[in-house]
file final.pdb (PDB, C-alpha atoms)
ATOM      1  CA  MET M   1     109.377 -28.946 289.324  1.00  0.00           C
ATOM      2  CA  VAL M   2     112.354 -27.107 290.829  1.00  0.00           C
ATOM      3  CA  MET M   3     113.322 -24.094 288.726  1.00  0.00           C
ATOM      4  CA  ARG M   4     116.224 -22.996 290.925  1.00  0.00           C
ATOM      5  CA  ASP M   5     118.012 -24.350 293.981  1.00  0.00           C
ATOM      6  CA  GLY M   6     120.493 -22.334 296.016  1.00  0.00           C
ATOM      7  CA  LEU M   7     121.270 -20.137 298.984  1.00  0.00           C
ATOM      8  CA  LEU M   8     119.501 -16.984 300.096  1.00  0.00           C
ATOM      9  CA  GLU M   9     119.754 -15.068 303.325  1.00  0.00           C
ATOM     10  CA  LYS M  10     116.492 -14.131 305.034  1.00  0.00           C
ATOM     11  CA  ARG M  11     116.231 -11.408 307.640  1.00  0.00           C
ATOM     12  CA  SER M  12     114.661 -12.770 310.822  1.00  0.00           C
ATOM     13  CA  SER M  13     111.556 -11.054 312.120  1.00  0.00           C
ATOM     14  CA  GLY M  14     112.895 -11.061 315.689  1.00  0.00           C
ATOM     15  CA  LEU M  15     114.167  -8.089 317.626  1.00  0.00           C
ATOM     16  CA  LEU M  16     117.752  -8.380 316.338  1.00  0.00           C
ATOM     17  CA  GLN M  17     116.742  -8.967 312.707  1.00  0.00           C
ATOM     18  CA  LEU M  18     119.690 -11.229 311.975  1.00  0.00           C
ATOM     19  CA  TRP M  19     120.401 -12.573 308.488  1.00  0.00           C
ATOM     20  CA  LYS M  20     120.009 -16.363 308.364  1.00  0.00           C
ATOM     21  CA  LYS M  21     121.136 -18.615 305.507  1.00  0.00           C
ATOM     22  CA  LYS M  22     118.370 -20.632 303.901  1.00  0.00           C
ATOM     23  CA  ARG M  23     118.457 -23.247 301.197  1.00  0.00           C
ATOM     24  CA  CYS M  24     115.811 -22.103 298.737  1.00  0.00           C
ATOM     25  CA  LEU M  25     113.953 -24.052 296.104  1.00  0.00           C
ATOM     26  CA  LEU M  26     112.052 -21.997 293.543  1.00  0.00           C
ATOM     27  CA  THR M  27     109.176 -24.046 292.112  1.00  0.00           C
ATOM     28  CA  GLU M  28     106.190 -23.336 289.869  1.00  0.00           C
ATOM     29  CA  ASP M  29     104.089 -22.850 293.021  1.00  0.00           C
ATOM     30  CA  GLY M  30     106.392 -20.698 295.129  1.00  0.00           C
ATOM     31  CA  LEU M  31     109.525 -20.572 297.219  1.00  0.00           C
ATOM     32  CA  ARG M  32     110.526 -23.244 299.764  1.00  0.00           C
ATOM     33  CA  LEU M  33     112.911 -22.201 302.533  1.00  0.00           C
ATOM     34  CA  HIS M  34     114.920 -24.828 304.431  1.00  0.00           C
ATOM     35  CA  ASN M  35     116.839 -24.036 307.629  1.00  0.00           C
ATOM     36  CA  CYS M  36     120.424 -25.109 308.134  1.00  0.00           C
ATOM     37  CA  LYS M  37     120.565 -27.795 310.838  1.00  0.00           C
ATOM     38  CA  GLY M  38     122.812 -26.875 313.710  1.00  0.00           C
ATOM     39  CA  GLY M  39     122.087 -23.183 313.227  1.00  0.00           C
ATOM     40  CA  GLY M  40     125.736 -22.357 312.543  1.00  0.00           C
ATOM     41  CA  GLY M  41     124.791 -20.452 309.438  1.00  0.00           C
ATOM     42  CA  GLY M  42     127.563 -22.107 307.425  1.00  0.00           C
ATOM     43  CA  GLY M  43     125.074 -23.624 305.033  1.00  0.00           C
ATOM     44  CA  ASP M  44     127.400 -23.603 302.044  1.00  0.00           C
ATOM     45  CA  ALA M  45     130.080 -25.663 303.827  1.00  0.00           C
ATOM     46  CA  PRO M  46     130.509 -29.208 302.512  1.00  0.00           C
ATOM     47  CA  GLY M  47     128.496 -31.710 304.482  1.00  0.00           C
ATOM     48  CA  SER M  48     126.210 -29.124 306.072  1.00  0.00           C
ATOM     49  CA  ALA M  49     122.765 -30.550 306.676  1.00  0.00           C
ATOM     50  CA  TRP M  50     119.501 -28.902 305.691  1.00  0.00           C
ATOM     51  CA  SER M  51     116.271 -29.397 307.553  1.00  0.00           C
ATOM     52  CA  SER M  52     113.713 -31.467 305.652  1.00  0.00           C
ATOM     53  CA  LYS M  53     110.987 -29.244 307.110  1.00  0.00           C
ATOM     54  CA  ALA M  54     110.457 -26.205 304.913  1.00  0.00           C
ATOM     55  CA  LYS M  55     108.588 -22.930 305.138  1.00  0.00           C
ATOM     56  CA  GLU M  56     106.680 -22.372 301.933  1.00  0.00           C
ATOM     57  CA  LEU M  57     105.937 -18.975 300.431  1.00  0.00           C
ATOM     58  CA  ARG M  58     103.269 -19.821 297.863  1.00  0.00           C
ATOM     59  CA  PHE M  59     102.703 -17.576 294.830  1.00  0.00           C
ATOM     60  CA  GLU M  60      98.960 -17.604 295.464  1.00  0.00           C
ATOM     61  CA  ARG M  61      99.666 -15.705 298.701  1.00  0.00           C
ATOM     62  CA  MET M  62     102.405 -13.476 297.250  1.00  0.00           C
ATOM     63  CA  ALA M  63     101.682  -9.970 295.974  1.00  0.00           C
ATOM     64  CA  THR M  64     105.011  -8.790 294.572  1.00  0.00           C
ATOM     65  CA  VAL M  65     108.801  -8.777 294.712  1.00  0.00           C
ATOM     66  CA  ASP M  66     109.879  -5.291 295.675  1.00  0.00           C
ATOM     67  CA  CYS M  67     112.488  -2.893 296.873  1.00  0.00           C
ATOM     68  CA  VAL M  68     115.633  -4.001 295.065  1.00  0.00           C
ATOM     69  CA  GLU M  69     118.879  -2.471 296.291  1.00  0.00           C
ATOM     70  CA  TYR M  70     122.473  -3.274 295.361  1.00  0.00           C
ATOM     71  CA  LYS M  71     125.097  -2.850 298.104  1.00  0.00           C
ATOM     72  CA  ARG M  72     128.627  -4.253 298.447  1.00  0.00           C
ATOM     73  CA  GLY M  73     128.116  -7.097 295.983  1.00  0.00           C
ATOM     74  CA  LEU M  74     124.737  -8.113 297.435  1.00  0.00           C
ATOM     75  CA  VAL M  75     121.193  -7.742 296.126  1.00  0.00           C
ATOM     76  CA  TYR M  76     118.601  -6.868 298.788  1.00  0.00           C
ATOM     77  CA  PHE M  77     114.931  -7.432 297.994  1.00  0.00           C
ATOM     78  CA  THR M  78     111.560  -7.823 299.677  1.00  0.00           C
ATOM     79  CA  VAL M  79     108.821 -10.345 299.012  1.00  0.00           C
ATOM     80  CA  VAL M  80     105.457  -8.755 299.816  1.00  0.00           C
ATOM     81  CA  MET M  81     102.689 -11.166 300.735  1.00  0.00           C
ATOM     82  CA  ALA M  82      98.990 -10.566 299.991  1.00  0.00           C
ATOM     83  CA  THR M  83      98.484  -9.844 303.714  1.00  0.00           C
ATOM     84  CA  GLY M  84     100.972  -6.964 303.480  1.00  0.00           C
ATOM     85  CA  LYS M  85     103.676  -8.842 305.388  1.00  0.00           C
ATOM     86  CA  GLU M  86     107.152  -8.072 304.045  1.00  0.00           C
ATOM     87  CA  ILE M  87     109.972 -10.639 304.047  1.00  0.00           C
ATOM     88  CA  ASP M  88     113.495  -9.369 303.393  1.00  0.00           C
ATOM     89  CA  PHE M  89     116.140 -11.375 301.537  1.00  0.00           C
ATOM     90  CA  ARG M  90     119.644 -10.845 300.234  1.00  0.00           C
ATOM     91  CA  CYS M  91     121.881 -12.809 297.894  1.00  0.00           C
ATOM     92  CA  PRO M  92     125.175 -12.375 296.011  1.00  0.00           C
ATOM     93  CA  GLN M  93     124.937 -10.123 292.947  1.00  0.00           C
ATOM     94  CA  GLU M  94     126.642 -12.657 290.633  1.00  0.00           C
ATOM     95  CA  GLY M  95     124.710 -14.351 287.843  1.00  0.00           C
ATOM     96  CA  THR M  96     120.949 -14.062 287.543  1.00  0.00           C
ATOM     97  CA  ALA M  97     119.682 -12.571 290.783  1.00  0.00           C
ATOM     98  CA  TRP M  98     117.119 -14.503 292.790  1.00  0.00           C
ATOM     99  CA  ASN M  99     114.783 -11.497 292.917  1.00  0.00           C
ATOM    100  CA  ALA M 100     114.465 -11.499 289.106  1.00  0.00           C
ATOM    101  CA  GLU M 101     113.790 -15.241 288.966  1.00  0.00           C
ATOM    102  CA  ILE M 102     111.216 -15.087 291.760  1.00  0.00           C
ATOM    103  CA  ALA M 103     109.489 -12.082 290.131  1.00  0.00           C
ATOM    104  CA  LEU M 104     109.349 -13.839 286.732  1.00  0.00           C
ATOM    105  CA  ALA M 105     108.008 -17.043 288.267  1.00  0.00           C
ATOM    106  CA  LEU M 106     105.378 -15.022 290.176  1.00  0.00           C
ATOM    107  CA  VAL M 107     104.264 -13.265 286.963  1.00  0.00           C
ATOM    108  CA  ARG M 108     104.128 -16.623 285.140  1.00  0.00           C
ATOM    109  CA  TYR M 109     101.994 -18.073 287.951  1.00  0.00           C
ATOM    110  CA  LYS M 110      99.600 -15.087 288.018  1.00  0.00           C
ATOM    111  CA  ASN M 111      99.251 -15.194 284.213  1.00  0.00           C
ATOM    112  CA  LEU M 112      98.401 -18.906 284.292  1.00  0.00           C
ATOM    113  CA  GLN M 113      95.806 -18.217 287.005  1.00  0.00           C
ATOM    114  CA  ALA M 114      94.272 -15.444 284.885  1.00  0.00           C
ATOM    115  CA  VAL M 115      94.098 -17.722 281.825  1.00  0.00           C
ATOM    116  CA  GLN M 116      92.453 -20.475 283.897  1.00  0.00           C
ATOM    117  CA  THR M 117      89.936 -17.994 285.319  1.00  0.00           C
ATOM    118  CA  GLY M 118      89.148 -16.737 281.812  1.00  0.00           C
ATOM    119  CA  ARG M 119      88.681 -20.264 280.495  1.00  0.00           C
ATOM    120  CA  ASN M 120      86.415 -21.187 283.387  1.00  0.00           C
ATOM    121  CA  ARG M 121      84.206 -18.174 282.692  1.00  0.00           C
ATOM    122  CA  HIS M 122      83.803 -19.142 279.022  1.00  0.00           C
ATOM    123  CA  LEU M 123      83.423 -22.910 279.455  1.00  0.00           C
ATOM    124  CA  PRO M 124      79.648 -23.049 280.104  1.00  0.00           C
ATOM    125  CA  SER M 125      78.833 -21.306 276.806  1.00  0.00           C
ATOM    126  CA  ALA M 126      81.327 -23.351 274.754  1.00  0.00           C
ATOM    127  CA  HIS M 127      80.214 -26.443 272.895  1.00  0.00           C
ATOM    128  CA  LEU M 128      82.108 -29.135 274.732  1.00  0.00           C
ATOM    129  CA  GLY M 129      83.146 -32.082 272.619  1.00  0.00           C
ATOM    130  CA  SER M 130      82.643 -30.300 269.302  1.00  0.00           C
ATOM    131  CA  THR M 131      85.507 -30.710 266.851  1.00  0.00           C
ATOM    132  CA  GLY M 132      84.180 -28.036 264.582  1.00  0.00           C
ATOM    133  CA  GLU M 133      84.124 -30.408 261.569  1.00  0.00           C
ATOM    134  CA  ASP M 134      80.358 -30.627 261.325  1.00  0.00           C
ATOM    135  CA  GLU M 135      79.746 -26.915 261.789  1.00  0.00           C
ATOM    136  CA  GLU M 136      79.122 -24.544 258.896  1.00  0.00           C
ATOM    137  CA  LEU M 137      81.403 -21.514 258.593  1.00  0.00           C
TER     138      LEU M 137
END
call {"tool": "encode", "arguments": {"input": "final.pdb", "output": "structure tokens"}}
result
Amino acid sequence: MVMRDGLLEKRSSGLLQLWKKKRCLLTEDGLRLHNCKGGGGGGDAPGSAWSSKAKELRFERMATVDCVEYKRGLVYFTVVMATGKEIDFRCPQEGTAWNAEIALALVRYKNLQAVQTGRNRHLPSAHLGSTGEDEEL
């Protein structure tokens, strides 16, 4: 399920560290980044094409959303992966900022994982199939 769809700029990891527009889809599992075809960077222009191939930053490999800074109407933030790799993004400051939505979705994902882990630990000792109706209180 897509929770948010829009534009983000990602700083390239190359020598020049240029900002490149990406179409981003925030899902329950992570963040999908699509490149703009043609490389012109004008991804918000009508008729601009987005690559169907996407880079996926999965929540299971994400540690945190960090380092928020507000400058000249833009929000700058860093996604820190479990490996320690840092990926820098920026987006317009208007509306609900992407960094907040990504951070909330990451927390939601980690909480669900913790609940599942807790359930799995307690399952063997639980009476599976019992409705509780025939048990004395």
call {"tool": "axis_aligned_box", "arguments": {"input": "final.pdb", "around": "region 16-27 of chain M", "padding_each_side": "3 Å", "output": "JSON"}}
result
{"center_x": 115.2, "center_y": -16.2, "center_z": 304.2, "size_x": 18.0, "size_y": 21.7, "size_z": 30.2}
call {"tool": "resolve_selection", "arguments": {"input": "final.pdb", "expression": "the PyMOL selection byres ((chain M and resi 31) around 10)", "output": "ChimeraX atom specification"}}
result
/M:2-5,24-30,32-34,54-59,102,105-106
call {"tool": "closest_residue", "arguments": {"input": "final.pdb", "among": "M:Arg119, M:Lys110, M:Arg11, M:Lys22", "to": "Ala63 (chain M)", "atoms": "only C-alpha atoms"}}
result
M:Lys110
call {"tool": "atom_distance", "arguments": {"input": "final.pdb", "atom1": "CA of Met1 (chain M)", "atom2": "CA of Thr83 (chain M)"}}
result
26.3 Å
call {"tool": "residues_near_point", "arguments": {"input": "final.pdb", "point": "(110.2, -10.7, 301.9)", "cutoff": "10 Å", "atoms": "all atoms listed in the file", "output": "list in words"}}
result
Lys10, Arg11, Leu57, Met62, Thr64, Val65, Asp66, Cys67, Tyr76, Phe77, Thr78, Val79, Val80, Met81, Lys85, Glu86, Ile87, Asp88, Phe89 and Arg90 of chain M
call {"tool": "atom_distance", "arguments": {"input": "final.pdb", "atom1": "CA of Ala82 (chain M)", "atom2": "CA of Leu18 (chain M)"}}
result
23.9 Å
call {"tool": "atom_distance", "arguments": {"input": "final.pdb", "atom1": "CA of Lys71 (chain M)", "atom2": "CA of Gln93 (chain M)"}}
result
8.9 Å
call {"tool": "closest_residue", "arguments": {"input": "final.pdb", "among": "M:Leu74, M:Val107, M:Cys36, M:Cys91", "to": "Glu9 (chain M)", "atoms": "all atoms listed in the file"}}
result
M:Cys91
call {"tool": "closest_residue", "arguments": {"input": "final.pdb", "among": "M:Ser52, M:Pro92, M:Arg23, M:Asn111", "to": "Gly6 (chain M)", "atoms": "only C-alpha atoms"}}
result
M:Arg23
